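J.: Dropping in run06.cif, which is mmCIF, C-alpha atoms, pLDDT in the B column; chains and numbers go by the auth columns:
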```cif
data_my_file
#
loop_
_atom_site.group_PDB
_atom_site.id
_atom_site.type_symbol
_atom_site.label_atom_id
_atom_site.label_comp_id
_atom_site.label_asym_id
_atom_site.label_seq_id
_atom_site.Cartn_x
_atom_site.Cartn_y
_atom_site.Cartn_z
_atom_site.B_iso_or_equiv
_atom_site.auth_seq_id
_atom_site.auth_asym_id
ATOM 1 C CA MET A 1 127.450 127.139 142.065 64.00 26 N
ATOM 2 C CA ASN A 2 126.459 124.780 139.314 75.00 27 N
ATOM 3 C CA TYR A 3 122.932 125.506 138.127 77.00 28 N
ATOM 4 C CA LYS A 4 121.961 121.881 138.674 81.00 29 N
ATOM 5 C CA GLU A 5 122.485 122.355 142.410 86.00 30 N
ATOM 6 C CA MET A 6 119.936 125.174 142.419 91.00 31 N
ATOM 7 C CA LEU A 7 117.159 122.644 141.972 92.00 32 N
ATOM 8 C CA GLN A 8 116.323 120.748 145.170 96.00 33 N
ATOM 9 C CA PRO A 9 113.530 118.311 146.057 97.00 34 N
ATOM 10 C CA GLU A 10 112.302 120.769 148.714 98.00 35 N
ATOM 11 C CA LEU A 11 111.792 123.425 146.041 98.00 36 N
ATOM 12 C CA VAL A 12 108.924 121.832 144.128 98.00 37 N
ATOM 13 C CA PHE A 13 105.454 123.119 145.073 98.00 38 N
ATOM 14 C CA LEU A 14 102.612 121.795 142.962 98.00 39 N
ATOM 15 C CA ASN A 15 98.941 122.722 142.762 98.00 40 N
ATOM 16 C CA ILE A 16 99.183 125.699 145.124 98.00 41 N
ATOM 17 C CA ASP A 17 95.820 127.207 145.967 98.00 42 N
ATOM 18 C CA ALA A 18 96.283 130.939 145.456 98.00 43 N
ATOM 19 C CA LYS A 19 93.654 133.517 144.631 96.00 44 N
ATOM 20 C CA ASP A 20 95.948 135.865 142.765 98.00 45 N
ATOM 21 C CA ARG A 21 99.579 136.651 142.028 98.00 46 N
ATOM 22 C CA LYS A 22 100.283 138.531 145.250 98.00 47 N
ATOM 23 C CA ASN A 23 98.780 135.734 147.305 98.00 48 N
ATOM 24 C CA LEU A 24 100.895 133.161 145.470 98.00 49 N
ATOM 25 C CA TYR A 25 104.087 135.197 145.914 98.00 50 N
ATOM 26 C CA LYS A 26 103.307 135.548 149.622 98.00 51 N
ATOM 27 C CA GLN A 27 102.919 131.785 150.031 98.00 52 N
ATOM 28 C CA ILE A 28 106.096 130.981 148.102 98.00 53 N
ATOM 29 C CA ALA A 29 108.115 133.704 149.839 98.00 54 N
ATOM 30 C CA GLU A 30 107.110 132.226 153.209 98.00 55 N
ATOM 31 C CA LYS A 31 108.186 128.743 152.156 98.00 56 N
ATOM 32 C CA LEU A 32 111.507 129.978 150.751 98.00 57 N
ATOM 33 C CA MET A 33 112.206 131.981 153.876 98.00 58 N
ATOM 34 C CA LYS A 34 111.542 129.011 156.144 98.00 59 N
ATOM 35 C CA LEU A 35 113.981 127.006 154.040 98.00 60 N
ATOM 36 C CA GLY A 36 116.596 129.758 154.354 97.00 61 N
ATOM 37 C CA TYR A 37 116.870 130.691 150.676 97.00 62 N
ATOM 38 C CA VAL A 38 115.607 134.272 150.945 97.00 63 N
ATOM 39 C CA LYS A 39 115.628 137.277 153.266 97.00 64 N
ATOM 40 C CA ASP A 40 112.534 138.897 154.780 97.00 65 N
ATOM 41 C CA THR A 41 112.768 141.614 152.117 97.00 66 N
ATOM 42 C CA TYR A 42 112.220 139.057 149.366 97.00 67 N
ATOM 43 C CA GLU A 43 108.419 139.123 149.090 98.00 68 N
ATOM 44 C CA SER A 44 108.117 142.882 148.671 97.00 69 N
ATOM 45 C CA ALA A 45 111.116 142.961 146.316 95.00 70 N
ATOM 46 C CA LEU A 46 109.507 140.202 144.245 95.00 71 N
ATOM 47 C CA ASN A 47 106.237 142.107 143.919 97.00 72 N
ATOM 48 C CA LYS A 48 107.935 145.405 143.222 94.00 73 N
ATOM 49 C CA ARG A 49 109.958 143.811 140.490 90.00 74 N
ATOM 50 C CA GLU A 50 106.901 142.104 138.956 94.00 75 N
ATOM 51 C CA ASP A 51 104.940 145.391 138.984 94.00 76 N
ATOM 52 C CA GLU A 52 107.738 147.337 137.343 90.00 77 N
ATOM 53 C CA PHE A 53 109.075 144.634 135.061 90.00 78 N
ATOM 54 C CA PRO A 54 106.657 141.744 134.455 93.00 79 N
ATOM 55 C CA THR A 55 108.192 138.288 134.060 92.00 80 N
ATOM 56 C CA GLY A 56 105.565 136.384 132.044 95.00 81 N
ATOM 57 C CA VAL A 57 106.810 134.464 129.014 94.00 82 N
ATOM 58 C CA VAL A 58 104.575 132.820 126.432 94.00 83 N
ATOM 59 C CA SER A 59 105.745 130.054 124.117 92.00 84 N
ATOM 60 C CA GLU A 60 103.794 128.192 121.487 91.00 85 N
ATOM 61 C CA HIS A 61 103.043 125.432 124.002 95.00 86 N
ATOM 62 C CA ILE A 62 102.848 127.007 127.444 96.00 87 N
ATOM 63 C CA SER A 63 102.633 130.271 129.367 97.00 88 N
ATOM 64 C CA ILE A 64 104.997 130.665 132.301 97.00 89 N
ATOM 65 C CA ALA A 65 106.347 133.303 134.648 96.00 90 N
ATOM 66 C CA LEU A 66 109.891 133.707 135.987 93.00 91 N
ATOM 67 C CA PRO A 67 109.453 135.713 139.186 94.00 92 N
ATOM 68 C CA HIS A 68 112.724 137.019 140.578 90.00 93 N
ATOM 69 C CA ALA A 69 114.004 139.728 142.886 89.00 94 N
ATOM 70 C CA ASN A 70 117.351 141.496 142.964 85.00 95 N
ATOM 71 C CA PRO A 71 120.269 139.403 144.325 87.00 96 N
ATOM 72 C CA GLU A 72 120.519 141.306 147.634 92.00 97 N
ATOM 73 C CA ASN A 73 117.195 139.762 148.717 95.00 98 N
ATOM 74 C CA ILE A 74 118.349 136.151 148.474 94.00 99 N
ATOM 75 C CA ASN A 75 120.697 134.121 150.633 95.00 100 N
ATOM 76 C CA LYS A 76 121.628 131.372 148.203 92.00 101 N
ATOM 77 C CA PRO A 77 120.796 130.636 144.571 92.00 102 N
ATOM 78 C CA PHE A 78 117.739 128.507 143.863 94.00 103 N
ATOM 79 C CA VAL A 79 115.082 127.631 141.373 94.00 104 N
ATOM 80 C CA ALA A 80 111.605 126.767 142.667 97.00 105 N
ATOM 81 C CA ILE A 81 109.178 124.856 140.466 98.00 106 N
ATOM 82 C CA VAL A 82 105.642 126.010 141.231 98.00 107 N
ATOM 83 C CA THR A 83 102.256 125.233 139.718 98.00 108 N
ATOM 84 C CA THR A 84 98.913 126.653 140.807 98.00 109 N
ATOM 85 C CA LYS A 85 95.452 125.144 141.047 98.00 110 N
ATOM 86 C CA ASN A 86 93.875 128.076 139.231 97.00 111 N
ATOM 87 C CA LEU A 87 95.048 130.378 136.462 98.00 112 N
ATOM 88 C CA ILE A 88 96.906 133.410 137.773 98.00 113 N
ATOM 89 C CA GLU A 89 96.880 136.658 135.852 98.00 114 N
ATOM 90 C CA LEU A 90 100.022 138.677 135.267 97.00 115 N
ATOM 91 C CA LEU A 91 101.790 140.505 132.445 96.00 116 N
ATOM 92 C CA GLN A 92 104.196 139.429 129.726 95.00 117 N
ATOM 93 C CA MET A 93 107.794 140.534 129.914 93.00 118 N
ATOM 94 C CA GLY A 94 108.627 143.405 127.574 90.00 119 N
ATOM 95 C CA TYR A 95 105.196 143.637 125.964 91.00 120 N
ATOM 96 C CA ASN A 96 103.276 144.213 129.222 92.00 121 N
ATOM 97 C CA THR A 97 100.235 142.439 127.763 95.00 122 N
ATOM 98 C CA LYS A 98 97.971 140.193 129.831 97.00 123 N
ATOM 99 C CA GLU A 99 98.840 136.559 130.412 97.00 124 N
ATOM 100 C CA GLU A 100 97.241 133.760 132.427 98.00 125 N
ATOM 101 C CA THR A 101 99.397 130.966 133.766 98.00 126 N
ATOM 102 C CA LYS A 102 99.624 128.094 136.228 98.00 127 N
ATOM 103 C CA THR A 103 103.381 127.577 135.848 98.00 128 N
ATOM 104 C CA PHE A 104 106.010 129.545 137.741 98.00 129 N
ATOM 105 C CA PHE A 105 109.760 129.098 137.881 96.00 130 N
ATOM 106 C CA PHE A 106 110.958 131.262 140.763 96.00 131 N
ATOM 107 C CA LEU A 107 114.580 132.163 140.093 91.00 132 N
ATOM 108 C CA GLY A 108 116.982 133.075 142.849 91.00 133 N
ATOM 109 C CA ILE A 109 119.764 134.255 140.610 83.00 134 N
ATOM 110 C CA GLN A 110 123.059 135.757 141.615 78.00 135 N
ATOM 111 C CA HIS A 111 125.720 136.627 139.088 68.00 136 N
ATOM 112 C CA SER A 112 127.115 133.560 137.352 63.00 137 N
ATOM 113 C CA ASP A 113 127.271 131.924 133.973 68.00 138 N
ATOM 114 C CA ASP A 114 125.945 128.651 135.351 67.00 139 N
ATOM 115 C CA GLN A 115 122.756 130.332 136.393 75.00 140 N
ATOM 116 C CA LEU A 116 122.363 131.861 132.985 80.00 141 N
ATOM 117 C CA THR A 117 122.598 128.369 131.601 81.00 142 N
ATOM 118 C CA LEU A 118 119.617 127.514 133.788 84.00 143 N
ATOM 119 C CA LEU A 119 117.543 130.327 132.340 85.00 144 N
ATOM 120 C CA GLN A 120 118.582 129.278 128.864 86.00 145 N
ATOM 121 C CA LYS A 121 117.582 125.703 129.662 89.00 146 N
ATOM 122 C CA PHE A 122 114.085 126.753 130.744 92.00 147 N
ATOM 123 C CA MET A 123 113.620 128.809 127.597 91.00 148 N
ATOM 124 C CA ALA A 124 114.512 125.784 125.486 92.00 149 N
ATOM 125 C CA LEU A 125 112.253 123.456 127.499 95.00 150 N
ATOM 126 C CA ILE A 126 109.109 125.557 127.186 95.00 151 N
ATOM 127 C CA GLN A 127 109.457 125.328 123.451 93.00 152 N
ATOM 128 C CA ASP A 128 109.647 121.555 123.560 95.00 153 N
ATOM 129 C CA LYS A 129 106.130 120.152 123.226 96.00 154 N
ATOM 130 C CA ASP A 130 107.064 116.786 124.738 97.00 155 N
ATOM 131 C CA PHE A 131 108.445 118.504 127.819 97.00 156 N
ATOM 132 C CA VAL A 132 105.330 120.643 128.224 98.00 157 N
ATOM 133 C CA ASP A 133 103.048 117.605 127.880 98.00 158 N
ATOM 134 C CA ASP A 134 105.049 115.652 130.483 98.00 159 N
ATOM 135 C CA PHE A 135 105.319 118.641 132.804 98.00 160 N
ATOM 136 C CA GLU A 136 101.586 119.266 132.752 97.00 161 N
ATOM 137 C CA SER A 137 100.756 115.627 133.441 97.00 162 N
ATOM 138 C CA ILE A 138 102.955 115.248 136.552 98.00 163 N
ATOM 139 C CA THR A 139 101.131 115.861 139.840 96.00 164 N
ATOM 140 C CA ASP A 140 103.552 114.336 142.336 98.00 165 N
ATOM 141 C CA GLU A 141 106.247 116.657 143.694 98.00 166 N
ATOM 142 C CA SER A 142 109.055 114.122 143.982 97.00 167 N
ATOM 143 C CA GLU A 143 108.285 112.777 140.533 98.00 168 N
ATOM 144 C CA MET A 144 108.422 116.354 139.223 98.00 169 N
ATOM 145 C CA PHE A 145 111.788 116.922 140.879 97.00 170 N
ATOM 146 C CA GLN A 146 113.200 113.783 139.291 97.00 171 N
ATOM 147 C CA TYR A 147 111.764 114.693 135.911 97.00 172 N
ATOM 148 C CA ILE A 148 113.170 118.228 135.867 96.00 173 N
ATOM 149 C CA GLU A 149 116.503 116.980 137.185 94.00 174 N
ATOM 150 C CA LYS A 150 116.633 114.462 134.363 94.00 175 N
ATOM 151 C CA LYS A 151 115.824 117.183 131.833 94.00 176 N
ATOM 152 C CA PHE A 152 118.581 119.413 133.236 89.00 177 N
ATOM 153 C CA ASN A 153 121.064 116.605 132.724 87.00 178 N
ATOM 154 C CA GLU A 154 120.111 115.921 129.132 85.00 179 N
ATOM 155 C CA MET B 1 134.082 150.236 118.295 86.00 26 E
ATOM 156 C CA ALA B 2 130.323 149.736 117.962 95.00 27 E
ATOM 157 C CA LYS B 3 128.574 149.469 121.307 97.00 28 E
ATOM 158 C CA ILE B 4 125.445 147.514 122.165 98.00 29 E
ATOM 159 C CA ILE B 5 123.591 147.789 125.460 97.00 30 E
ATOM 160 C CA VAL B 6 121.077 145.186 126.628 96.00 31 E
ATOM 161 C CA ALA B 7 118.723 146.220 129.417 93.00 32 E
ATOM 162 C CA CYS B 8 116.240 144.372 131.577 83.00 33 E
ATOM 163 C CA GLY B 9 114.719 145.225 134.940 76.00 34 E
ATOM 164 C CA SER B 10 117.465 143.992 137.227 66.00 35 E
ATOM 165 C CA GLY B 11 120.441 143.543 134.941 60.00 36 E
ATOM 166 C CA VAL B 12 121.247 140.087 136.315 64.00 37 E
ATOM 167 C CA ALA B 13 119.235 137.407 134.631 74.00 38 E
ATOM 168 C CA SER B 14 117.545 138.242 131.352 84.00 39 E
ATOM 169 C CA SER B 15 119.926 140.882 130.028 89.00 40 E
ATOM 170 C CA GLU B 16 122.986 138.755 130.832 88.00 41 E
ATOM 171 C CA LEU B 17 121.444 135.863 128.938 90.00 42 E
ATOM 172 C CA VAL B 18 120.705 138.024 125.901 94.00 43 E
ATOM 173 C CA VAL B 19 124.270 139.425 125.974 95.00 44 E
ATOM 174 C CA LYS B 20 125.538 135.851 125.949 92.00 45 E
ATOM 175 C CA HIS B 21 123.322 134.948 122.973 94.00 46 E
ATOM 176 C CA ILE B 22 124.338 138.032 120.983 97.00 47 E
ATOM 177 C CA SER B 23 128.047 137.440 121.708 97.00 48 E
ATOM 178 C CA ASP B 24 127.681 133.796 120.611 96.00 49 E
ATOM 179 C CA PHE B 25 125.879 134.910 117.471 97.00 50 E
ATOM 180 C CA PHE B 26 128.669 137.382 116.621 97.00 51 E
ATOM 181 C CA GLU B 27 131.297 134.712 117.235 97.00 52 E
ATOM 182 C CA ASP B 28 129.471 132.174 115.050 97.00 53 E
ATOM 183 C CA HIS B 29 129.190 134.717 112.249 96.00 54 E
ATOM 184 C CA GLY B 30 132.716 136.086 112.515 96.00 55 E
ATOM 185 C CA ILE B 31 131.535 139.535 113.579 95.00 56 E
ATOM 186 C CA THR B 32 134.228 141.311 115.609 94.00 57 E
ATOM 187 C CA GLY B 33 134.777 144.744 117.104 94.00 58 E
ATOM 188 C CA VAL B 34 131.393 144.980 118.758 96.00 59 E
ATOM 189 C CA ASP B 35 131.096 145.572 122.467 97.00 60 E
ATOM 190 C CA VAL B 36 127.983 144.012 124.067 97.00 61 E
ATOM 191 C CA GLU B 37 127.045 144.933 127.637 95.00 62 E
ATOM 192 C CA ALA B 38 124.196 144.307 130.078 93.00 63 E
ATOM 193 C CA THR B 39 122.664 146.840 132.424 91.00 64 E
ATOM 194 C CA ASP B 40 119.527 147.506 134.437 86.00 65 E
ATOM 195 C CA PHE B 41 116.835 150.146 134.114 86.00 66 E
ATOM 196 C CA LYS B 42 118.240 152.219 136.951 87.00 67 E
ATOM 197 C CA LYS B 43 121.558 152.866 135.240 91.00 68 E
ATOM 198 C CA LEU B 44 120.238 152.915 131.681 94.00 69 E
ATOM 199 C CA PRO B 45 119.138 156.592 131.410 95.00 70 E
ATOM 200 C CA ASP B 46 122.607 157.816 132.400 96.00 71 E
ATOM 201 C CA ILE B 47 124.591 155.642 130.014 96.00 72 E
ATOM 202 C CA LEU B 48 122.268 154.949 127.080 97.00 73 E
ATOM 203 C CA ALA B 49 123.324 157.972 124.993 96.00 74 E
ATOM 204 C CA SER B 50 126.849 156.566 124.554 96.00 75 E
ATOM 205 C CA TYR B 51 125.620 153.355 122.879 97.00 76 E
ATOM 206 C CA ASP B 52 124.799 152.712 119.223 97.00 77 E
ATOM 207 C CA ILE B 53 122.274 149.929 119.626 98.00 78 E
ATOM 208 C CA TYR B 54 119.823 149.390 122.466 97.00 79 E
ATOM 209 C CA VAL B 55 118.335 145.906 122.881 97.00 80 E
ATOM 210 C CA TRP B 56 115.307 145.985 125.176 95.00 81 E
ATOM 211 C CA ILE B 57 113.830 143.119 127.165 92.00 82 E
ATOM 212 C CA ALA B 58 111.792 145.260 129.521 88.00 83 E
ATOM 213 C CA ARG B 59 109.565 147.756 127.760 88.00 84 E
ATOM 214 C CA PRO B 60 111.324 151.117 127.247 90.00 85 E
ATOM 215 C CA SER B 61 109.910 153.924 129.377 90.00 86 E
ATOM 216 C CA GLU B 62 109.069 157.325 127.878 93.00 87 E
ATOM 217 C CA GLN B 63 112.307 158.735 129.269 94.00 88 E
ATOM 218 C CA ILE B 64 114.287 155.951 127.597 95.00 89 E
ATOM 219 C CA GLN B 65 112.408 156.352 124.319 96.00 90 E
ATOM 220 C CA THR B 66 113.250 160.076 124.298 97.00 91 E
ATOM 221 C CA ILE B 67 116.969 159.333 124.731 97.00 92 E
ATOM 222 C CA VAL B 68 116.743 156.766 121.918 97.00 93 E
ATOM 223 C CA ASP B 69 115.054 159.251 119.572 96.00 94 E
ATOM 224 C CA GLU B 70 117.313 162.198 120.396 97.00 95 E
ATOM 225 C CA ASN B 71 120.520 160.227 119.952 96.00 96 E
ATOM 226 C CA ASN B 72 119.457 158.240 116.915 95.00 97 E
ATOM 227 C CA ILE B 73 120.061 154.949 118.695 96.00 98 E
ATOM 228 C CA THR B 74 118.869 151.771 116.975 97.00 99 E
ATOM 229 C CA SER B 75 116.300 150.167 119.257 96.00 100 E
ATOM 230 C CA VAL B 76 115.819 146.399 118.937 97.00 101 E
ATOM 231 C CA ASN B 77 113.278 144.084 120.600 96.00 102 E
ATOM 232 C CA GLY B 78 115.419 141.505 122.438 95.00 103 E
ATOM 233 C CA LEU B 79 112.593 139.227 123.566 94.00 104 E
ATOM 234 C CA PRO B 80 112.865 136.858 120.579 94.00 105 E
ATOM 235 C CA ILE B 81 116.542 136.374 121.498 95.00 106 E
ATOM 236 C CA PHE B 82 115.629 135.858 125.149 92.00 107 E
ATOM 237 C CA THR B 83 112.959 133.246 124.499 90.00 108 E
ATOM 238 C CA GLY B 84 114.637 131.744 121.438 89.00 109 E
ATOM 239 C CA GLN B 85 111.487 132.137 119.360 89.00 110 E
ATOM 240 C CA ASN B 86 112.460 133.556 115.946 92.00 111 E
ATOM 241 C CA PRO B 87 115.603 135.301 117.204 95.00 112 E
ATOM 242 C CA GLU B 88 116.613 135.874 113.539 96.00 113 E
ATOM 243 C CA VAL B 89 114.260 138.860 113.504 96.00 114 E
ATOM 244 C CA SER B 90 116.216 140.613 116.259 97.00 115 E
ATOM 245 C CA TYR B 91 119.622 139.629 114.867 98.00 116 E
ATOM 246 C CA LYS B 92 118.680 141.082 111.481 97.00 117 E
ATOM 247 C CA GLU B 93 117.774 144.384 113.142 97.00 118 E
ATOM 248 C CA ILE B 94 121.053 144.403 115.069 97.00 119 E
ATOM 249 C CA ILE B 95 123.050 143.686 111.889 96.00 120 E
ATOM 250 C CA SER B 96 121.294 146.398 109.928 95.00 121 E
ATOM 251 C CA GLY B 97 121.880 148.764 112.856 95.00 122 E
ATOM 252 C CA LEU B 98 125.606 147.932 112.738 94.00 123 E
ATOM 253 C CA LYS B 99 125.686 148.429 108.960 91.00 124 E
ATOM 254 C CA GLY B 100 124.074 151.827 109.433 87.00 125 E
ATOM 255 C CA LEU B 101 126.997 152.807 111.663 83.00 126 E
ATOM 256 C CA SER B 102 129.745 151.964 109.218 67.00 127 E
ATOM 257 C CA ALA B 103 127.960 153.586 106.271 55.00 128 E
#
```
Would you mind giving the structure from this file in structure tokens?

T.:
Amino acid sequence: MNYKEMLQPELVFLNIDAKDRKNLYKQIAEKLMKLGYVKDTYESALNKREDEFPTGVVSEHISIALPHANPENINKPFVAIVTTKNLIELLQMGYNTKEETKTFFFLGIQHSDDQLTLLQKFMALIQDKDFVDDFESITDESEMFQYIEKKFNE
Amino acid sequence: MAKIIVACGSGVASSELVVKHISDFFEDHGITGVDVEATDFKKLPDILASYDIYVWIARPSEQIQTIVDENNITSVNGLPIFTGQNPEVSYKEIISGLKGLSA
């Protein structure tokens, strides 16, 4: 699957009201399950993975997290764009130091080069100040979908 | 042949990406004869000892650190390569690790 097909209008969830990370992951897991992207094992796998191997990434311009679970817990590849109303605390990948973020890119990755390209794309985008400024100013979900889609095609 | 292992939590996303970056870097700089592989933390303890350079994206556990120390493996922080922020730092460490092997 081409990584561009992993992004769908139904996969943008902005300004989610969650009290903490586990609550956010629960809400997103429920949405993804209803849409058929993940299995019922996904939520616990996601949390287990985050506890063992945190997925926070901090760039000069923005802090994000890339929550993901092992491939056996997903039905089809996806990327979900999620922002939260309040700052959510988690840990940074590799360094395991504290991080607060409102931006989450949930990755449903199976094994393929195209999907790696997606990850690479996100890493480049979070270092682009113009992207971060635009991203943080968009509040409408369909506008966000169109914006990210446009960025993926650049 | 020199062998590099890249390890993250699941072995699918982050480590694969870092392997791709390192392979591209080697290609761009005409470095050949280096094997670069991705794995996850479950398999790592069993295979790590047979590698020369270990690039970590998830923080090495005590068990992993012991294997690194006992086998004189060069351990390199792969996060700068993953995020693309100052990856030169990691590449330099990898290169000096490779030089150490041929010396």

J.: Determine, counting all atoms listed in the file, every residue of protein, DNA or RNA that lies within 12 Å of (116.6, 153.1, 136.4) in the file coordinates, then give the result as a list in words.

T.: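 The requested residues, written out, are Glu77 and Phe78 of chain N; Ala32, Cys33, Gly34, Ser35, Gly36, Thr64, Asp65, Phe66, Lys67, Lys68, Leu69, Pro70, Asp71, Ile72, Leu73, Ala83, Pro85, Ser86, Gln88 and Ile89 of chain E.
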
J.: Taking the file as shown, what set of residues would the PyMOL selection byres ((chain E and resi 118) around 12) give back, as a PyMOL selection string?

T.: chain E and resi 78-80+99-103+105-106+112-117+119-125

J.: Store the residues picked out above, limited to C-alpha atoms, as a compact mmCIF listing (two decimals), in the coordinates of the input.

T.:
```
# COMPACT_ATOMS: atom_id res chain seq x y z
CA ILE E 78 122.27 149.93 119.63
CA TYR E 79 119.82 149.39 122.47
CA VAL E 80 118.34 145.91 122.88
CA THR E 99 118.87 151.77 116.98
CA SER E 100 116.30 150.17 119.26
CA VAL E 101 115.82 146.40 118.94
CA ASN E 102 113.28 144.08 120.60
CA GLY E 103 115.42 141.50 122.44
CA PRO E 105 112.86 136.86 120.58
CA ILE E 106 116.54 136.37 121.50
CA PRO E 112 115.60 135.30 117.20
CA GLU E 113 116.61 135.87 113.54
CA VAL E 114 114.26 138.86 113.50
CA SER E 115 116.22 140.61 116.26
CA TYR E 116 119.62 139.63 114.87
CA LYS E 117 118.68 141.08 111.48
CA ILE E 119 121.05 144.40 115.07
CA ILE E 120 123.05 143.69 111.89
CA SER E 121 121.29 146.40 109.93
CA GLY E 122 121.88 148.76 112.86
CA LEU E 123 125.61 147.93 112.74
CA LYS E 124 125.69 148.43 108.96
CA GLY E 125 124.07 151.83 109.43
```

J.: Find the residue from E:Ala38, E:Met26, E:Ala63, E:Ala74 that sits nearest to E:Asn96; use all atoms listed in the file when measuring.

T.: E:Ala74

J.: Chain N residues within 10 Å of chain E, counting all atoms listed in the file: which ones, as an NGL selection string?

T.: :N and (74-75 or 77-80 or 82-85 or 93-96 or 117-121 or 132-138 or 140-145 or 147-149 or 151-152)

J.: Using atom CA of N:Tyr67 and atom CA of N:Tyr50 as the two end points, give the distance in Å to one decimal.

T.: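 Rounded to one decimal, the two atoms are 9.6 Å apart.
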
J.: To box stretch 168-171 of chain N, take all atoms listed in the file, fit an axis-aligned box, add 6 Å on each side, and give centre and edge lengths in Å to one decimal, as lines of an AutoDock Vina configuration file.

T.:
```
center_x = 110.7
center_y = 114.8
center_z = 140.1
size_x = 16.9
size_y = 16.1
size_z = 13.7
```

J.: Can you tell me how far atom CA of N:Thr126 sits from atom CA of N:Ser88, in Å to one decimal?

T.: 5.5 Å

J.: Could you tell me how far atom CA of N:Ile113 sits from atom CA of N:Gln33, in Å to one decimal place?

T.: 24.3 Å

J.: Counting all atoms listed in the file, figure out which residue out of E:Glu62, E:Ile56, E:Val44, E:Ser75 gets nearest to E:Asn97.

T.: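 When distances to E:Asn97 are compared using all atoms listed in the file, the smallest one comes from E:Ser75.
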
J.: Using only C-alpha atoms, which of the listed residues (E:Asp77, E:Glu87, E:Asp60, E:Glu95) sits closest to E:Leu126?

T.: E:Asp77

J.: From the coordinates I just gave you, please extract stretch 81-94 of chain E so that only C-alpha atoms remain, then output it as a short mmCIF file (atom, residue, chain, number, x, y, z; two decimals), in the first residue's frame.

T.:
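result-v8.cif, written as the output of this step:
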```cif
data_model
loop_
_atom_site.label_atom_id
_atom_site.label_comp_id
_atom_site.auth_asym_id
_atom_site.auth_seq_id
_atom_site.Cartn_x
_atom_site.Cartn_y
_atom_site.Cartn_z
CA TRP E 81 20.00 2.07 19.58
CA ILE E 82 16.71 3.90 19.20
CA ALA E 83 15.08 2.48 22.30
CA ARG E 84 17.17 2.88 25.42
CA PRO E 85 19.45 -0.15 26.01
CA SER E 86 18.44 -2.26 29.00
CA GLU E 87 21.00 -3.38 31.59
CA GLN E 88 21.12 -6.82 29.98
CA ILE E 89 21.86 -5.25 26.59
CA GLN E 90 24.47 -2.91 28.05
CA THR E 91 26.26 -5.90 29.63
CA ILE E 92 26.42 -7.70 26.26
CA VAL E 93 27.75 -4.50 24.66
CA ASP E 94 30.47 -4.12 27.30
#
```
